[in-house]
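Peer 1: This is the structure, below, for whatever I ask next.
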Amino acid sequence: MGLVAALTWLVGQGCGGSGNQASFSVFSVVDEVEEGRYVVAPCDRSGNTGDGVASGLVFEAETAVSVVEVDSQRRRAVVSAGGFCWRGRVPRAGGLWTVGVQRAPASRPTLAHQPTRPPRPLAVQVEVEQGGRREVVAVARGAEGGWIDLTADLSPWAGKEINLRVETPRRGALGGHAEEEGDEPLEALAWSSAGLSSGRPRASSQPGRPPNIVLVVVDTLRADRTTPYGYERTTTPELARWLARPGVVLENAYSQAPWTLPSMVSMMTGRYPGELLRDSEPASYGVPAEVPTLAEGLAGGGYETAAFYANFALRDSNGFGRGFATRYTPPAGGRSNLLHAESINRRALPWIAAHQHQRRPFFLYLHYLDPHDPYENADLVDGRSQFYPDYAGQLTGGNVHAVYVGNREISGDDDVAHFSALYDSEIRYADRHLGELLASFDPEVVANTLFVFTSDHGEELFDHGGWKHGYTLYEEQIHVPLIFRWDGEFPAGGRLSETVELLDLVPTLAAAAGLEPDPAWQGMNLLPALRGERAIPRRVAFAQHLINGPMRAAAVLDRTKLILFNRAEPFAPRDRLIERFWRQDVERMERRELYDLAADPSERTNRVDDKPALAGALERVINEQLDRFLPGLRLMVSGLPRGARLAGTVVFGESEPPTSPAWHSYFLAADDRAEMEDSVLSFELVGEPLEKGIWLTGVGPVLSIEATLDGEPFPIERISIGDGERWRGKALDRRALNAARRPSVPPGPALRLWRREVGSTLTAATLNPEVEESLRALGYIQ
């Protein structure tokens, strides 16, 4: 774009001259440079360019827009040697000039000679000239390695033409005018988050403009420990004040997994994690490259996007940076698990100041790590919580993980109460910083912003004999808070009791942004219910543990939960830590557990034998979900009289291509038996009300089936294959066994064989060294 054309466009946008101020809300320096709406020319001290041009955006050297990462925070930035200037009119309502800067990484091509002496401490200043008077209106200094952000208030010049200069002053010049030091060359600098915003944003009144979206995830936060969910301690007054009272609380929201990676994969894609994470190694988990994320969809829909992660397992390398123009994730491992909420706010608040008044909507994602262990923060006094200051024991908030892995012991109720109170203090600490964050949005921006608050999972505090999270599916680990606020769209003070899932967030937020739904999404658009237009349909929430050891799965419907634990699966823990968790879970968890959450919210009384019909209905939901991604052949029995024994053999032919056959328990009982020798499966299964069986991989066609019930031949008409056809005693190839969906369960004793083809176009997952290091630092693996 030529000089005259660029400056004409700037004047027409209200950035200079007598442009249309009523239509102006902001301009971003990065966007202007990317679109070619700037000039390269020297600036003199009055803001004029050397060739006589006196308005517009001017850089003193050639520029390039690039993605620059500094201190683990990635931003879109203009890379240029030296500073820049701008001449234009400040909006009549006043305005804010925001800017961030840091030296461009040495690995990037430099635009000027780099100094050989040690770099000077970097600072940035904004200077305004108007009516012959110059004034430095903002100065910021920063240590090497982090972005330096500042905001300059231009309200004193509201409605006036100004010359504005942004620079990093040379030695001895901070706060004044730079000395001309010919021996000090200009540096290549990265300028980010730079631009002018109106002091009175008009975003909320723009017809047809989609809302801004702010999604806040507080890691490891169980719903029952927050104020909006009735907790007796005042842990989250800011959450109640800013979001719950003016918004809508969903009382029964469930995470799809009890730990971060699978839960966040689901939350960001709108799909069940078991379908996307088919490798058994947690260090391979991430968003598959072929699966689009919420951030990518919103970015494609015109949103400015940013994510600030405190949980360092959420990395670019496992897909969580996709779609975010700005992204911060701490380094993997090390002391990153000690970063608190203030570190996220310190990085996010400058971004909010720079972007909340821009012309296009924004999607801001914030992920606080508190209250994840260690339970330590600045609010503690002598290592004790304000909620339990009289603790007399020796444990500290840093000992939680040692107790979790068996290196320290709990000596009694006082230790349990101490850890519980420390966890509550972590929540209170995070809540205070949540309030600081939400208070940074101007009221006019809040009016057109959809806020969402939730957690990726909860935390066990010895509720069922264990600590932390990841292995069980009890309420303390998967029942999470979920709160929406959208002024003028959702009624204030609303509460919805229907069951929802975190994978509902993607279709809900996409609908709010006006995006087309993706048929692959498995969640539900909650907007009609949140607006009070209609109730949420009756539905089941599904979760899996998706970490080391045999399957655990749960289904929740109408405050009733069924948990299945595949404890009969042959399992050899590969290290001492996994062996500890396996032994602990076998001791405390039954194969099938059914709970009435309305009467028994702590899940103490297993009702599976009292309510077989209800357990059977929820079991079918779990089976249908598992069928989506468990490959191979199923051999299932149902309807057997209690205690009866169904014994038999299935002989298989050779598979093509040849593979090693293997069998796996499908929620078998302790006294069930199965064995695979060569290509012959032998089994003896004991009758009980619910369905169970065996799933097999690597087997060829079925050559023969023989079965007896309590020693008598099992009727051939009670054996079905494929979609439910009666077996006629003949050999069966793959096509005869294939079923489009799980066959229905017939009345009476039945033996069923069918195969689900679980194809996948996803790239095979591989171990990710960064994720592995992060999971080791967080205590998930040794």
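Each chain in the structure tokens gets a letter, A, B and so on, in the order shown; residues start at 1 in every chain, and ligands are counted from 1 in the order they appear.
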What residues in range 174-360 of chain A get the DSSP label helix (DSSP H, G or I)? Please answer as a PyMOL selection string.
Peer 2: chain A and resi 203-205+223-225+227-229+237-244+260-269+273-276+282-284+294-300+316-318+336-338+341-355
Peer 1: Counting only C-alpha atoms, what is within 10 Å of Val745 in chain A, bar same-chain residues fewer than 6 positions away, as a list of chain:residue names?
Peer 2: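 Surrounding residues, per the criterion: A:Arg620, A:Met636, A:Val637, A:Ser638, A:Gly639, A:Glu691, A:Gly724, A:Leu751, A:Arg752.
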Peer 1: Would you output that residue set with N, CA, C and O atoms, as a tab-separated table (two decimals), in the first residue's frame?
Peer 2:
```tsv
chain	number	residue	atom	x	y	z
A	620	ARG	N	-26.00	-50.18	30.27
A	620	ARG	CA	-26.12	-50.16	28.81
A	620	ARG	C	-25.54	-48.87	28.24
A	620	ARG	O	-24.94	-48.88	27.15
A	636	MET	N	-20.45	-61.83	25.07
A	636	MET	CA	-21.18	-61.30	26.22
A	636	MET	C	-22.25	-62.28	26.67
A	636	MET	O	-22.90	-62.94	25.84
A	637	VAL	N	-22.44	-62.38	27.98
A	637	VAL	CA	-23.50	-63.22	28.54
A	637	VAL	C	-24.43	-62.34	29.36
A	637	VAL	O	-24.02	-61.34	29.95
A	638	SER	N	-25.70	-62.72	29.39
A	638	SER	CA	-26.69	-61.97	30.15
A	638	SER	C	-27.85	-62.90	30.50
A	638	SER	O	-28.04	-63.96	29.87
A	639	GLY	N	-28.62	-62.50	31.48
A	639	GLY	CA	-29.84	-63.23	31.83
A	639	GLY	C	-29.63	-64.57	32.49
A	639	GLY	O	-30.58	-65.34	32.63
A	691	GLU	N	-24.91	-57.55	32.77
A	691	GLU	CA	-24.19	-58.08	31.62
A	691	GLU	C	-22.68	-58.06	31.88
A	691	GLU	O	-22.16	-57.18	32.56
A	724	GLY	N	-27.57	-59.63	15.90
A	724	GLY	CA	-28.56	-60.32	16.72
A	724	GLY	C	-29.17	-61.52	16.07
A	724	GLY	O	-30.13	-62.09	16.60
A	751	LEU	N	-26.08	-65.88	25.06
A	751	LEU	CA	-24.66	-65.75	24.72
A	751	LEU	C	-24.60	-65.04	23.38
A	751	LEU	O	-25.19	-65.51	22.40
A	752	ARG	N	-23.90	-63.93	23.32
A	752	ARG	CA	-23.88	-63.12	22.10
A	752	ARG	C	-22.44	-62.87	21.66
A	752	ARG	O	-21.57	-62.57	22.49
```
Peer 1: As a list in words, please: the residues near range 444-457 of chain A (cut-off 6 Å, only C-alpha atoms, same-chain neighbours under 2 positions excluded).
Peer 2: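 Close residues of range 444-457 of chain A: Ser204, Pro211, Asn212, Ile213, Val214, Leu215, Val216, Val217, Val218, Asp219, Thr220, Leu221, Ser255, Pro258, Trp259, Thr260, Ser263, Asp442, Gln477, Ile478, Val480, Pro481, Leu482, Ile483, Phe484, Arg485, Trp486 and Asp487 of chain A.
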Peer 1: Write out as number ranges by chain all residues of range 579-683 of chain A that DSSP puts in strand (DSSP E or B) for this structure's backbone.
Peer 2: A: 592-596, 632-638, 645-652, 662-666, 673-677, 680-683
Peer 1: Can I get the selected residues back with N, CA and C atoms, as a compact mmCIF listing (two decimals), in the first residue's frame?
Peer 2:
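Saved the output as part_11.txt:
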```txt
# COMPACT_ATOMS: atom_id res chain seq x y z
N ARG A 592 -18.91 -53.16 40.65
CA ARG A 592 -20.07 -52.36 40.27
C ARG A 592 -20.55 -51.62 41.51
N GLU A 593 -20.75 -50.32 41.35
CA GLU A 593 -21.24 -49.51 42.46
C GLU A 593 -22.33 -48.59 41.94
N LEU A 594 -23.46 -48.58 42.63
CA LEU A 594 -24.60 -47.75 42.26
C LEU A 594 -24.96 -46.87 43.44
N TYR A 595 -25.07 -45.55 43.19
CA TYR A 595 -25.32 -44.61 44.27
C TYR A 595 -26.50 -43.71 43.95
N ASP A 596 -27.31 -43.48 44.99
CA ASP A 596 -28.37 -42.49 44.94
C ASP A 596 -27.78 -41.19 45.46
N GLY A 632 -12.42 -54.94 18.32
CA GLY A 632 -12.38 -56.38 18.49
C GLY A 632 -13.73 -57.04 18.64
N LEU A 633 -13.67 -58.32 19.00
CA LEU A 633 -14.84 -59.17 19.11
C LEU A 633 -15.35 -59.20 20.55
N ARG A 634 -16.68 -59.14 20.73
CA ARG A 634 -17.28 -59.25 22.05
C ARG A 634 -17.92 -60.63 22.22
N LEU A 635 -17.72 -61.22 23.38
CA LEU A 635 -18.46 -62.41 23.80
C LEU A 635 -19.13 -62.02 25.11
N MET A 636 -20.45 -61.83 25.07
CA MET A 636 -21.18 -61.30 26.22
C MET A 636 -22.25 -62.28 26.67
N VAL A 637 -22.44 -62.38 27.98
CA VAL A 637 -23.50 -63.22 28.54
C VAL A 637 -24.43 -62.34 29.36
N SER A 638 -25.70 -62.72 29.39
CA SER A 638 -26.69 -61.97 30.15
C SER A 638 -27.85 -62.90 30.50
N ARG A 645 -23.64 -71.49 36.04
CA ARG A 645 -22.33 -71.44 35.40
C ARG A 645 -22.45 -71.77 33.91
N LEU A 646 -22.04 -70.81 33.09
CA LEU A 646 -22.00 -71.00 31.65
C LEU A 646 -20.54 -71.26 31.26
N ALA A 647 -20.26 -72.47 30.79
CA ALA A 647 -18.90 -72.84 30.41
C ALA A 647 -18.87 -73.15 28.92
N GLY A 648 -17.73 -72.92 28.30
CA GLY A 648 -17.66 -73.23 26.88
C GLY A 648 -16.31 -72.92 26.28
N THR A 649 -16.23 -73.15 24.96
CA THR A 649 -15.04 -72.85 24.18
C THR A 649 -15.44 -72.22 22.86
N VAL A 650 -14.56 -71.38 22.36
CA VAL A 650 -14.71 -70.82 21.02
C VAL A 650 -13.39 -71.06 20.30
N VAL A 651 -13.46 -71.70 19.15
CA VAL A 651 -12.27 -71.99 18.37
C VAL A 651 -12.19 -71.00 17.21
N PHE A 652 -11.02 -70.36 17.06
CA PHE A 652 -10.83 -69.35 16.02
C PHE A 652 -9.88 -69.85 14.96
N ALA A 662 -5.57 -62.18 21.78
CA ALA A 662 -5.54 -61.83 23.19
C ALA A 662 -6.96 -61.64 23.68
N TRP A 663 -7.20 -61.94 24.96
CA TRP A 663 -8.51 -61.71 25.54
C TRP A 663 -8.39 -60.69 26.67
N HIS A 664 -9.50 -60.00 26.92
CA HIS A 664 -9.54 -58.98 27.97
C HIS A 664 -10.85 -59.12 28.74
N SER A 665 -10.76 -58.93 30.02
CA SER A 665 -11.97 -58.94 30.84
C SER A 665 -12.87 -57.76 30.46
N TYR A 666 -14.16 -58.02 30.40
CA TYR A 666 -15.13 -56.93 30.25
C TYR A 666 -16.01 -56.97 31.50
N ARG A 673 -13.84 -67.21 34.95
CA ARG A 673 -12.57 -67.71 34.45
C ARG A 673 -12.54 -67.59 32.92
N ALA A 674 -11.35 -67.27 32.39
CA ALA A 674 -11.13 -67.25 30.94
C ALA A 674 -9.67 -67.55 30.68
N GLU A 675 -9.42 -68.20 29.55
CA GLU A 675 -8.05 -68.57 29.18
C GLU A 675 -7.97 -68.68 27.67
N MET A 676 -6.87 -68.20 27.12
CA MET A 676 -6.64 -68.27 25.68
C MET A 676 -5.40 -69.10 25.43
N GLU A 677 -5.55 -70.23 24.75
CA GLU A 677 -4.42 -71.08 24.41
C GLU A 677 -4.44 -71.29 22.91
N VAL A 680 -7.78 -71.04 20.88
CA VAL A 680 -8.96 -71.56 21.56
C VAL A 680 -9.21 -70.75 22.84
N LEU A 681 -10.38 -70.16 22.93
CA LEU A 681 -10.80 -69.45 24.14
C LEU A 681 -11.65 -70.40 24.98
N SER A 682 -11.27 -70.60 26.25
CA SER A 682 -12.08 -71.35 27.20
C SER A 682 -12.59 -70.39 28.25
N PHE A 683 -13.84 -70.59 28.68
CA PHE A 683 -14.41 -69.67 29.66
C PHE A 683 -15.39 -70.40 30.57
```
Peer 1: Closest to Ala353 in chain A among A:Val40, A:Leu496, A:Leu96, A:Ala158, using only C-alpha atoms?
Peer 2: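 Closest to Ala353 in chain A of all the choices is A:Leu96.
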Peer 1: Neighbours of Arg559 in chain A within 12 Å (only C-alpha atoms; same-chain residues fewer than 2 positions away dropped), as a count of residues only?
Peer 2: 30
Peer 1: Give the answer as one residue: which of A:Leu314, A:Val702, A:Ala670, A:Val29 has the shortest atom-to-atom distance to Ser774 in chain A, using only C-alpha atoms?
Peer 2: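 For Ser774 in chain A, the nearest of the given residues is A:Leu314.
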